[in-house]
Every structure is written in structure tokens, then in C-alpha cells.
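Shown here: data-v4.tsv, TSV, N, CA and C atoms.
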chain	number	residue	atom	x	y	z
N	4	MET	N	9.59	-76.12	1.82
N	4	MET	CA	8.69	-76.62	0.80
N	4	MET	C	8.48	-75.52	-0.24
N	5	ARG	N	8.61	-75.86	-1.47
N	5	ARG	CA	8.49	-74.88	-2.55
N	5	ARG	C	7.21	-75.14	-3.33
N	6	PHE	N	6.43	-74.09	-3.50
N	6	PHE	CA	5.19	-74.22	-4.26
N	6	PHE	C	5.34	-73.71	-5.68
N	7	GLY	N	6.25	-72.79	-5.88
N	7	GLY	CA	6.47	-72.26	-7.22
N	7	GLY	C	5.23	-71.56	-7.75
N	8	TRP	N	4.92	-71.82	-8.98
N	8	TRP	CA	3.79	-71.16	-9.65
N	8	TRP	C	2.45	-71.72	-9.22
N	9	ARG	N	2.43	-72.88	-8.56
N	9	ARG	CA	1.16	-73.52	-8.20
N	9	ARG	C	0.40	-72.79	-7.10
N	10	ALA	N	1.09	-72.17	-6.18
N	10	ALA	CA	0.42	-71.49	-5.07
N	10	ALA	C	-0.51	-70.37	-5.56
N	11	PRO	N	-0.06	-69.46	-6.43
N	11	PRO	CA	-0.99	-68.42	-6.90
N	11	PRO	C	-2.15	-68.98	-7.70
N	12	VAL	N	-1.90	-70.03	-8.47
N	12	VAL	CA	-2.97	-70.64	-9.26
N	12	VAL	C	-4.01	-71.27	-8.35
N	13	CYS	N	-3.55	-71.99	-7.32
N	13	CYS	CA	-4.48	-72.62	-6.38
N	13	CYS	C	-5.27	-71.56	-5.62
N	14	LEU	N	-4.61	-70.48	-5.23
N	14	LEU	CA	-5.28	-69.40	-4.53
N	14	LEU	C	-6.35	-68.75	-5.41
N	15	ALA	N	-6.02	-68.53	-6.67
N	15	ALA	CA	-6.98	-67.94	-7.60
N	15	ALA	C	-8.19	-68.85	-7.80
N	16	LYS	N	-7.95	-70.15	-7.93
N	16	LYS	CA	-9.07	-71.10	-8.08
N	16	LYS	C	-9.94	-71.11	-6.83
N	17	ALA	N	-9.32	-71.07	-5.66
N	17	ALA	CA	-10.09	-71.08	-4.42
N	17	ALA	C	-10.94	-69.82	-4.30
N	18	LEU	N	-10.38	-68.67	-4.65
N	18	LEU	CA	-11.15	-67.43	-4.59
N	18	LEU	C	-12.31	-67.42	-5.58
N	19	LEU	N	-12.09	-67.96	-6.77
N	19	LEU	CA	-13.18	-68.06	-7.75
N	19	LEU	C	-14.28	-68.97	-7.24
N	20	TRP	N	-13.89	-70.09	-6.63
N	20	TRP	CA	-14.88	-71.03	-6.10
N	20	TRP	C	-15.67	-70.38	-4.97
N	21	LEU	N	-14.98	-69.69	-4.05
N	21	LEU	CA	-15.67	-69.03	-2.95
N	21	LEU	C	-16.59	-67.93	-3.44
N	22	GLY	N	-16.20	-67.24	-4.48
N	22	GLY	CA	-17.05	-66.19	-5.03
N	22	GLY	C	-18.30	-66.73	-5.69
N	23	SER	N	-18.22	-67.95	-6.21
N	23	SER	CA	-19.38	-68.53	-6.88
N	23	SER	C	-20.34	-69.18	-5.90
N	24	VAL	N	-19.87	-69.49	-4.70
N	24	VAL	CA	-20.74	-70.10	-3.70
N	24	VAL	C	-21.43	-68.98	-2.94
N	25	GLN	N	-22.74	-68.90	-3.09
N	25	GLN	CA	-23.51	-67.86	-2.41
N	25	GLN	C	-24.55	-68.52	-1.54
N	26	ALA	N	-24.78	-67.90	-0.40
N	26	ALA	CA	-25.85	-68.37	0.45
N	26	ALA	C	-27.17	-68.12	-0.26
N	27	GLN	N	-27.99	-69.11	-0.32
N	27	GLN	CA	-29.28	-69.01	-1.00
N	27	GLN	C	-30.37	-69.20	0.04
N	28	TYR	N	-31.29	-68.29	0.10
N	28	TYR	CA	-32.42	-68.40	1.01
N	28	TYR	C	-33.65	-68.85	0.24
N	29	VAL	N	-34.59	-69.39	0.98
N	29	VAL	CA	-35.87	-69.80	0.42
N	29	VAL	C	-36.96	-69.05	1.17
N	30	LEU	N	-37.85	-68.42	0.42
N	30	LEU	CA	-38.99	-67.72	0.99
N	30	LEU	C	-40.24	-68.53	0.68
N	31	ILE	N	-40.99	-68.85	1.73
N	31	ILE	CA	-42.28	-69.53	1.56
N	31	ILE	C	-43.36	-68.51	1.85
N	32	PRO	N	-44.00	-67.95	0.81
N	32	PRO	CA	-45.05	-66.96	1.06
N	32	PRO	C	-46.30	-67.65	1.61
N	33	MET	N	-46.98	-66.97	2.51
N	33	MET	CA	-48.20	-67.53	3.09
N	33	MET	C	-49.41	-66.66	2.74
N	34	ASP	N	-49.30	-65.92	1.64
N	34	ASP	CA	-50.41	-65.09	1.18
N	34	ASP	C	-51.26	-65.87	0.19
N	35	GLU	N	-52.01	-65.16	-0.63
N	35	GLU	CA	-52.94	-65.82	-1.57
N	35	GLU	C	-52.21	-66.59	-2.68
N	36	THR	N	-50.92	-66.38	-2.85
N	36	THR	CA	-50.18	-67.14	-3.87
N	36	THR	C	-49.88	-68.56	-3.41
N	37	GLN	N	-49.94	-68.81	-2.10
N	37	GLN	CA	-49.65	-70.14	-1.57
N	37	GLN	C	-50.87	-71.04	-1.72
N	38	THR	N	-50.67	-72.21	-2.28
N	38	THR	CA	-51.78	-73.15	-2.46
N	38	THR	C	-51.76	-74.28	-1.45
N	39	GLN	N	-50.65	-74.45	-0.75
N	39	GLN	CA	-50.50	-75.57	0.19
N	39	GLN	C	-50.08	-75.04	1.57
N	40	HIS	N	-50.96	-74.31	2.21
N	40	HIS	CA	-50.62	-73.69	3.50
N	40	HIS	C	-50.27	-74.73	4.57
N	41	LEU	N	-51.08	-75.74	4.72
N	41	LEU	CA	-50.83	-76.74	5.76
N	41	LEU	C	-49.54	-77.51	5.50
N	42	ARG	N	-49.27	-77.82	4.26
N	42	ARG	CA	-48.02	-78.51	3.94
N	42	ARG	C	-46.81	-77.61	4.21
N	43	ALA	N	-46.98	-76.32	3.98
N	43	ALA	CA	-45.89	-75.37	4.27
N	43	ALA	C	-45.61	-75.34	5.77
N	44	TYR	N	-46.67	-75.30	6.59
N	44	TYR	CA	-46.47	-75.34	8.04
N	44	TYR	C	-45.78	-76.64	8.45
N	45	GLY	N	-46.17	-77.73	7.84
N	45	GLY	CA	-45.54	-79.02	8.14
N	45	GLY	C	-44.07	-79.05	7.77
N	46	LEU	N	-43.73	-78.43	6.65
N	46	LEU	CA	-42.33	-78.36	6.23
N	46	LEU	C	-41.52	-77.54	7.23
N	47	VAL	N	-42.06	-76.41	7.67
N	47	VAL	CA	-41.36	-75.58	8.65
N	47	VAL	C	-41.16	-76.36	9.95
N	48	TYR	N	-42.17	-77.10	10.37
N	48	TYR	CA	-42.04	-77.94	11.56
N	48	TYR	C	-40.92	-78.97	11.37
N	49	GLY	N	-40.87	-79.58	10.19
N	49	GLY	CA	-39.82	-80.55	9.90
N	49	GLY	C	-38.43	-79.93	9.92
N	50	LEU	N	-38.31	-78.72	9.40
N	50	LEU	CA	-37.02	-78.01	9.44
N	50	LEU	C	-36.59	-77.76	10.89
N	51	LEU	N	-37.53	-77.31	11.71
N	51	LEU	CA	-37.20	-77.04	13.11
N	51	LEU	C	-36.83	-78.32	13.85
N	52	MET	N	-37.48	-79.42	13.53
N	52	MET	CA	-37.13	-80.71	14.13
N	52	MET	C	-35.72	-81.14	13.75
N	53	ARG	N	-35.26	-80.73	12.58
N	53	ARG	CA	-33.91	-81.07	12.12
N	53	ARG	C	-32.86	-80.04	12.58
N	54	GLY	N	-33.29	-79.05	13.34
N	54	GLY	CA	-32.37	-78.06	13.87
N	54	GLY	C	-32.05	-76.92	12.93
N	55	VAL	N	-32.85	-76.76	11.88
N	55	VAL	CA	-32.64	-75.66	10.92
N	55	VAL	C	-33.41	-74.44	11.41
N	56	PRO	N	-32.74	-73.32	11.68
N	56	PRO	CA	-33.47	-72.12	12.09
N	56	PRO	C	-34.30	-71.54	10.94
N	57	VAL	N	-35.49	-71.06	11.28
N	57	VAL	CA	-36.42	-70.50	10.29
N	57	VAL	C	-36.82	-69.11	10.76
N	58	ASP	N	-36.82	-68.16	9.86
N	58	ASP	CA	-37.29	-66.81	10.17
N	58	ASP	C	-38.77	-66.71	9.81
N	59	TRP	N	-39.56	-66.25	10.76
N	59	TRP	CA	-40.99	-66.02	10.53
N	59	TRP	C	-41.15	-64.53	10.28
N	60	LEU	N	-41.54	-64.17	9.08
N	60	LEU	CA	-41.66	-62.77	8.67
N	60	LEU	C	-43.09	-62.31	8.93
N	61	LEU	N	-43.30	-61.75	10.12
N	61	LEU	CA	-44.64	-61.37	10.55
N	61	LEU	C	-45.20	-60.24	9.70
N	62	ASN	N	-46.41	-60.44	9.20
N	62	ASN	CA	-47.14	-59.49	8.36
N	62	ASN	C	-46.51	-59.24	7.00
N	63	TYR	N	-45.52	-60.00	6.62
N	63	TYR	CA	-44.92	-59.87	5.29
N	63	TYR	C	-45.44	-61.01	4.42
N	64	ARG	N	-46.22	-60.68	3.42
N	64	ARG	CA	-46.82	-61.65	2.51
N	64	ARG	C	-47.54	-62.76	3.28
N	65	GLY	N	-48.36	-62.35	4.22
N	65	GLY	CA	-49.20	-63.29	4.96
N	65	GLY	C	-48.49	-64.03	6.08
N	66	GLY	N	-47.36	-63.55	6.54
N	66	GLY	CA	-46.61	-64.24	7.59
N	66	GLY	C	-45.70	-65.30	7.01
N	67	SER	N	-44.91	-64.92	6.04
N	67	SER	CA	-44.04	-65.85	5.31
N	67	SER	C	-42.95	-66.43	6.20
N	68	PHE	N	-42.32	-67.48	5.69
N	68	PHE	CA	-41.18	-68.11	6.35
N	68	PHE	C	-39.99	-68.04	5.41
N	69	ALA	N	-38.79	-67.91	6.00
N	69	ALA	CA	-37.56	-67.89	5.21
N	69	ALA	C	-36.50	-68.69	5.95
N	70	PHE	N	-35.67	-69.38	5.19
N	70	PHE	CA	-34.60	-70.18	5.78
N	70	PHE	C	-33.49	-70.36	4.76
N	71	LEU	N	-32.33	-70.73	5.27
N	71	LEU	CA	-31.19	-70.99	4.43
N	71	LEU	C	-31.42	-72.32	3.71
N	72	GLU	N	-31.25	-72.31	2.41
N	72	GLU	CA	-31.54	-73.49	1.59
N	72	GLU	C	-30.66	-74.67	1.99
N	73	ASN	N	-31.27	-75.85	1.99
N	73	ASN	CA	-30.52	-77.09	2.18
N	73	ASN	C	-31.12	-78.15	1.27
N	74	GLY	N	-30.44	-79.22	1.07
N	74	GLY	CA	-30.88	-80.24	0.13
N	74	GLY	C	-32.21	-80.87	0.48
N	75	TRP	N	-32.44	-81.15	1.75
N	75	TRP	CA	-33.67	-81.81	2.16
N	75	TRP	C	-34.88	-80.93	1.87
N	76	ALA	N	-34.79	-79.67	2.24
N	76	ALA	CA	-35.93	-78.76	2.06
N	76	ALA	C	-36.25	-78.55	0.59
N	77	ALA	N	-35.23	-78.44	-0.25
N	77	ALA	CA	-35.46	-78.22	-1.68
N	77	ALA	C	-36.26	-79.37	-2.28
N	78	ALA	N	-35.91	-80.58	-1.92
N	78	ALA	CA	-36.64	-81.75	-2.43
N	78	ALA	C	-38.06	-81.80	-1.87
N	79	GLU	N	-38.22	-81.47	-0.60
N	79	GLU	CA	-39.54	-81.52	0.02
N	79	GLU	C	-40.48	-80.45	-0.52
N	80	LEU	N	-39.96	-79.28	-0.81
N	80	LEU	CA	-40.79	-78.22	-1.39
N	80	LEU	C	-41.40	-78.69	-2.70
N	81	GLU	N	-40.58	-79.30	-3.53
N	81	GLU	CA	-41.07	-79.80	-4.82
N	81	GLU	C	-42.04	-80.96	-4.63
N	82	ARG	N	-41.68	-81.88	-3.76
N	82	ARG	CA	-42.51	-83.07	-3.55
N	82	ARG	C	-43.89	-82.72	-3.01
N	83	ARG	N	-43.95	-81.76	-2.10
N	83	ARG	CA	-45.21	-81.38	-1.48
N	83	ARG	C	-46.00	-80.35	-2.27
N	84	GLY	N	-45.42	-79.80	-3.32
N	84	GLY	CA	-46.11	-78.81	-4.14
N	84	GLY	C	-46.27	-77.46	-3.46
N	85	ILE	N	-45.33	-77.10	-2.62
N	85	ILE	CA	-45.38	-75.84	-1.88
N	85	ILE	C	-44.81	-74.73	-2.76
N	86	VAL	N	-45.53	-73.61	-2.82
N	86	VAL	CA	-45.05	-72.46	-3.58
N	86	VAL	C	-43.91	-71.82	-2.78
N	87	TYR	N	-42.79	-71.55	-3.45
N	87	TYR	CA	-41.64	-70.93	-2.79
N	87	TYR	C	-40.91	-70.04	-3.77
N	88	GLN	N	-40.02	-69.23	-3.22
N	88	GLN	CA	-39.25	-68.30	-4.04
N	88	GLN	C	-37.80	-68.33	-3.55
N	89	PRO	N	-36.85	-68.71	-4.42
N	89	PRO	CA	-35.44	-68.64	-4.02
N	89	PRO	C	-34.97	-67.19	-3.97
N	90	LEU	N	-34.18	-66.87	-2.97
N	90	LEU	CA	-33.67	-65.51	-2.79
N	90	LEU	C	-32.16	-65.54	-2.61
N	91	SER	N	-31.49	-64.57	-3.18
N	91	SER	CA	-30.06	-64.42	-2.92
N	91	SER	C	-29.90	-63.76	-1.55
N	92	LEU	N	-28.70	-63.75	-1.05
N	92	LEU	CA	-28.42	-63.12	0.23
N	92	LEU	C	-28.75	-61.63	0.17
N	93	ALA	N	-28.46	-60.98	-0.95
N	93	ALA	CA	-28.75	-59.55	-1.11
N	93	ALA	C	-30.26	-59.29	-1.11
N	94	GLU	N	-31.03	-60.13	-1.80
N	94	GLU	CA	-32.49	-59.95	-1.84
N	94	GLU	C	-33.09	-60.14	-0.45
N	95	TYR	N	-32.60	-61.14	0.27
N	95	TYR	CA	-33.11	-61.38	1.62
N	95	TYR	C	-32.74	-60.22	2.54
N	96	GLY	N	-31.56	-59.67	2.36
N	96	GLY	CA	-31.14	-58.51	3.14
N	96	GLY	C	-32.04	-57.31	2.90
N	97	GLN	N	-32.48	-57.12	1.65
N	97	GLN	CA	-33.40	-56.02	1.33
N	97	GLN	C	-34.74	-56.21	2.03
N	98	ILE	N	-35.21	-57.45	2.08
N	98	ILE	CA	-36.48	-57.73	2.78
N	98	ILE	C	-36.33	-57.42	4.26
N	99	LEU	N	-35.23	-57.86	4.87
N	99	LEU	CA	-35.01	-57.61	6.30
N	99	LEU	C	-34.89	-56.12	6.59
N	100	THR	N	-34.25	-55.38	5.69
N	100	THR	CA	-34.15	-53.93	5.86
N	100	THR	C	-35.53	-53.28	5.80
N	101	TYR	N	-36.36	-53.73	4.87
N	101	TYR	CA	-37.72	-53.20	4.75
N	101	TYR	C	-38.52	-53.51	6.02
N	102	LEU	N	-38.41	-54.73	6.54
N	102	LEU	CA	-39.17	-55.11	7.72
N	102	LEU	C	-38.74	-54.35	8.97
N	103	SER	N	-37.50	-53.89	9.00
N	103	SER	CA	-37.00	-53.19	10.19
N	103	SER	C	-37.41	-51.72	10.25
N	104	ARG	N	-38.01	-51.22	9.19
N	104	ARG	CA	-38.45	-49.82	9.19
N	104	ARG	C	-39.59	-49.64	10.19
N	105	PRO	N	-39.55	-48.57	11.00
N	105	PRO	CA	-40.58	-48.40	12.03
N	105	PRO	C	-41.97	-48.10	11.48
N	106	GLU	N	-42.06	-47.53	10.28
N	106	GLU	CA	-43.39	-47.17	9.76
N	106	GLU	C	-44.18	-48.36	9.22
N	107	VAL	N	-43.53	-49.50	9.02
N	107	VAL	CA	-44.26	-50.69	8.59
N	107	VAL	C	-44.52	-51.55	9.82
N	108	ASN	N	-45.67	-52.16	9.87
N	108	ASN	CA	-46.05	-52.98	11.01
N	108	ASN	C	-45.64	-54.42	10.75
N	109	MET	N	-44.33	-54.65	10.68
N	109	MET	CA	-43.80	-55.97	10.36
N	109	MET	C	-42.60	-56.25	11.24
N	110	ASP	N	-42.30	-57.54	11.42
N	110	ASP	CA	-41.16	-57.91	12.24
N	110	ASP	C	-40.67	-59.30	11.83
N	111	VAL	N	-39.50	-59.66	12.33
N	111	VAL	CA	-38.91	-60.97	12.07
N	111	VAL	C	-38.73	-61.69	13.39
N	112	VAL	N	-39.20	-62.93	13.47
N	112	VAL	CA	-39.02	-63.76	14.65
N	112	VAL	C	-38.23	-64.98	14.22
N	113	ARG	N	-37.10	-65.22	14.89
N	113	ARG	CA	-36.27	-66.39	14.58
N	113	ARG	C	-36.82	-67.59	15.34
N	114	LEU	N	-37.23	-68.62	14.61
N	114	LEU	CA	-37.70	-69.87	15.21
N	114	LEU	C	-36.52	-70.84	15.20
N	115	GLU	N	-36.21	-71.39	16.36
N	115	GLU	CA	-35.07	-72.30	16.46
N	115	GLU	C	-35.43	-73.65	17.04
N	116	LYS	N	-36.60	-73.75	17.64
N	116	LYS	CA	-36.98	-74.98	18.32
N	116	LYS	C	-38.41	-75.34	17.95
N	117	ALA	N	-38.63	-76.59	17.61
N	117	ALA	CA	-39.98	-77.03	17.23
N	117	ALA	C	-40.87	-77.06	18.47
N	118	PRO	N	-42.13	-76.67	18.32
N	118	PRO	CA	-43.04	-76.72	19.46
N	118	PRO	C	-43.35	-78.17	19.85
N	119	ARG	N	-43.64	-78.37	21.12
N	119	ARG	CA	-44.00	-79.72	21.58
N	119	ARG	C	-45.39	-80.10	21.11
N	120	ILE	N	-46.28	-79.11	21.11
N	120	ILE	CA	-47.65	-79.36	20.67
N	120	ILE	C	-47.96	-78.38	19.55
N	121	ALA	N	-48.35	-78.90	18.41
N	121	ALA	CA	-48.75	-78.06	17.29
N	121	ALA	C	-50.26	-78.10	17.18
N	122	VAL	N	-50.88	-76.94	17.10
N	122	VAL	CA	-52.34	-76.86	17.02
N	122	VAL	C	-52.74	-76.48	15.63

Could you write out this structure as C-alpha cells?
Amino acid sequence: MRFGWRAPVCLAKALLWLGSVQAQYVLIPMDETQTQHLRAYGLVYGLLMRGVPVDWLLNYRGGSFAFLENGWAAAELERRGIVYQPLSLAEYGQILTYLSRPEVNMDVVRLEKAPRIAV
């Protein structure tokens, strides 16, 4: 099978497409900037029910939540009026690096399963 000039062109297009696709995280702050705390907790519960892992950033901006962006969550954040901040993979990595420092009293807990009873 001969590809000729098409193989390098297709490869270049694929690499450009892959370079433009970046993992996007969503940060839900739970500090004084958040106006819908209960709705934010409900959204996190809904994500866990759908099998989406959520990082709970203990002591960071009031115990914020972060997760990999998906279509359902983006629409729900807007619909419920929840304050959120989109983050690139690099920005989220900087936050995780900061939280891992021993001199700060902060940690990350990965939530993967919804609780049976929410209080």
C-alpha cells in the first residue's frame, strides 16, 4: 500500500490536533467567593454518582473541589449558578505541587465513590 505524500500530511494534522487538545480541569472554590455552597456539594455528589473522580483540596480555598472537565458538569455549573474556575493541566499541577509542600497544612483526597448517606 502506498501513501505517498499523504502520510506525512495526515501525521502533521494529527499532531496538531493532539497538541490543541488539552486536559481542562475545573476548580470549585468553597471559600467566601462561592455563593452556592450547597449546590456545589450537590454537583460533586452528582459527579461521584456518575463515576467521575473528584479531588478534594483540603484547606485550599475553603476545601475546594477539582475534577476533569466534562460536558455534563460544565452545563450544570452554569445552570446552578456555581462559582468555578477553569484550569489548564499546568495550572492544576502548580496547585498540587503547592499542596504537597510540608510547610503548608493542606492535602488532596481523591473521591471516587459517592457516599451512601449524605449529611

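The residue that comes closest to Arg42 of chain N, out of N:Gly74, N:Val112, N:Ile85, N:Ser103 and on the basis of all atoms listed in the file, is N:Ile85.
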
Find the residues around segment 37-39 of chain N up to 8 Å (all atoms listed in the file counted), leave out those fewer than 5 positions away in its own chain, and share them as a compact mmCIF listing (two decimals) with N, CA and C atoms, in the frame of the given file.
# COMPACT_ATOMS: atom_id res chain seq x y z
N ILE N 31 -40.99 -68.85 1.73
CA ILE N 31 -42.28 -69.53 1.56
C ILE N 31 -43.36 -68.51 1.85
N PRO N 32 -44.00 -67.95 0.81
CA PRO N 32 -45.05 -66.96 1.06
C PRO N 32 -46.30 -67.65 1.61
N TYR N 44 -46.67 -75.30 6.59
CA TYR N 44 -46.47 -75.34 8.04
C TYR N 44 -45.78 -76.64 8.45
N GLY N 45 -46.17 -77.73 7.84
CA GLY N 45 -45.54 -79.02 8.14
C GLY N 45 -44.07 -79.05 7.77
N ARG N 83 -43.95 -81.76 -2.10
CA ARG N 83 -45.21 -81.38 -1.48
C ARG N 83 -46.00 -80.35 -2.27
N GLY N 84 -45.42 -79.80 -3.32
CA GLY N 84 -46.11 -78.81 -4.14
C GLY N 84 -46.27 -77.46 -3.46
N ILE N 85 -45.33 -77.10 -2.62
CA ILE N 85 -45.38 -75.84 -1.88
C ILE N 85 -44.81 -74.73 -2.76
N VAL N 86 -45.53 -73.61 -2.82
CA VAL N 86 -45.05 -72.46 -3.58
C VAL N 86 -43.91 -71.82 -2.78
N TYR N 87 -42.79 -71.55 -3.45
CA TYR N 87 -41.64 -70.93 -2.79
C TYR N 87 -40.91 -70.04 -3.77

So which one's closest to Pro118 of chain N, N:Leu30, N:Val57, N:Ala78, N:Met52? Using all atoms listed in the file, please.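 The shortest atom-to-atom distance to Pro118 of chain N comes from N:Met52.
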
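From atom CA of Trp75 of chain N back to atom CA of Met109 of chain N, the distance works out to 28.9 Å.
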
Would you work out the distance separating atom C of Asn62 of chain N from atom N of Asp110 of chain N, expressed in Å to one decimal?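 For atom C of Asn62 of chain N relative to atom N of Asp110 of chain N, the distance reads 6.3 Å.
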
Write down as a PyMOL selection string the residues belonging to segment 18-95 of chain N that are assigned strand (DSSP E or B) by DSSP computed on the backbone. chain N and resi 27-31+57-61+67-71+88-91

Would you mind telling me which residue in N:Met33, N:Trp59, N:Leu46, N:Leu41 lies nearest to Leu114 of chain N when using all atoms listed in the file? N:Trp59

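Between atom CA of Ala117 of chain N and atom CA of Leu51 of chain N the interatomic distance comes to 5.0 Å.
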
Might I get the box with edges along x, y and z of the file that holds all atoms of segment 51-59 of chain N listed there, padded by 8 Å on every side, given as centre and edge lengths in Å to one decimal, as AutoDock Vina command-line options?
--center_x -36.6 --center_y -72.8 --center_z 12.0 --size_x 25.1 --size_y 32.6 --size_z 20.3

Among listed residues N:Ile120, N:Leu80, N:Ala93, N:Val111, nearest Leu60 of chain N (using only N, CA and C atoms):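 Of all the options, N:Val111 lies closest to Leu60 of chain N.
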
Contact residues around Pro89 of chain N with all atoms listed in the file at 6.5 Å, ignoring same-chain residues under 4 positions, as a list in words: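 Near Pro89 of chain N, the qualifying residues are Gln27, Tyr28, Val29 and Leu30 of chain N.
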
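With only C-alpha atoms as the basis for measurement, N:Asp58 is the residue among N:Asp58, N:Glu115, N:Glu72, N:Glu79 that approaches Ile98 of chain N most closely.
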
Which is closest to Leu71 of chain N among N:Arg104, N:Leu92, N:Lys116, N:Ala43, if we use only C-alpha atoms?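 Among N:Arg104, N:Leu92, N:Lys116, N:Ala43, it is N:Leu92 that comes nearest to Leu71 of chain N.
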
Determine which residues of segment 20-121 of chain N DSSP labels as alpha helix (DSSP H) from the backbone of this structure, then write them out as a VMD selection string. chain N and resid 20 to 23 40 to 52 74 to 83 92 to 102
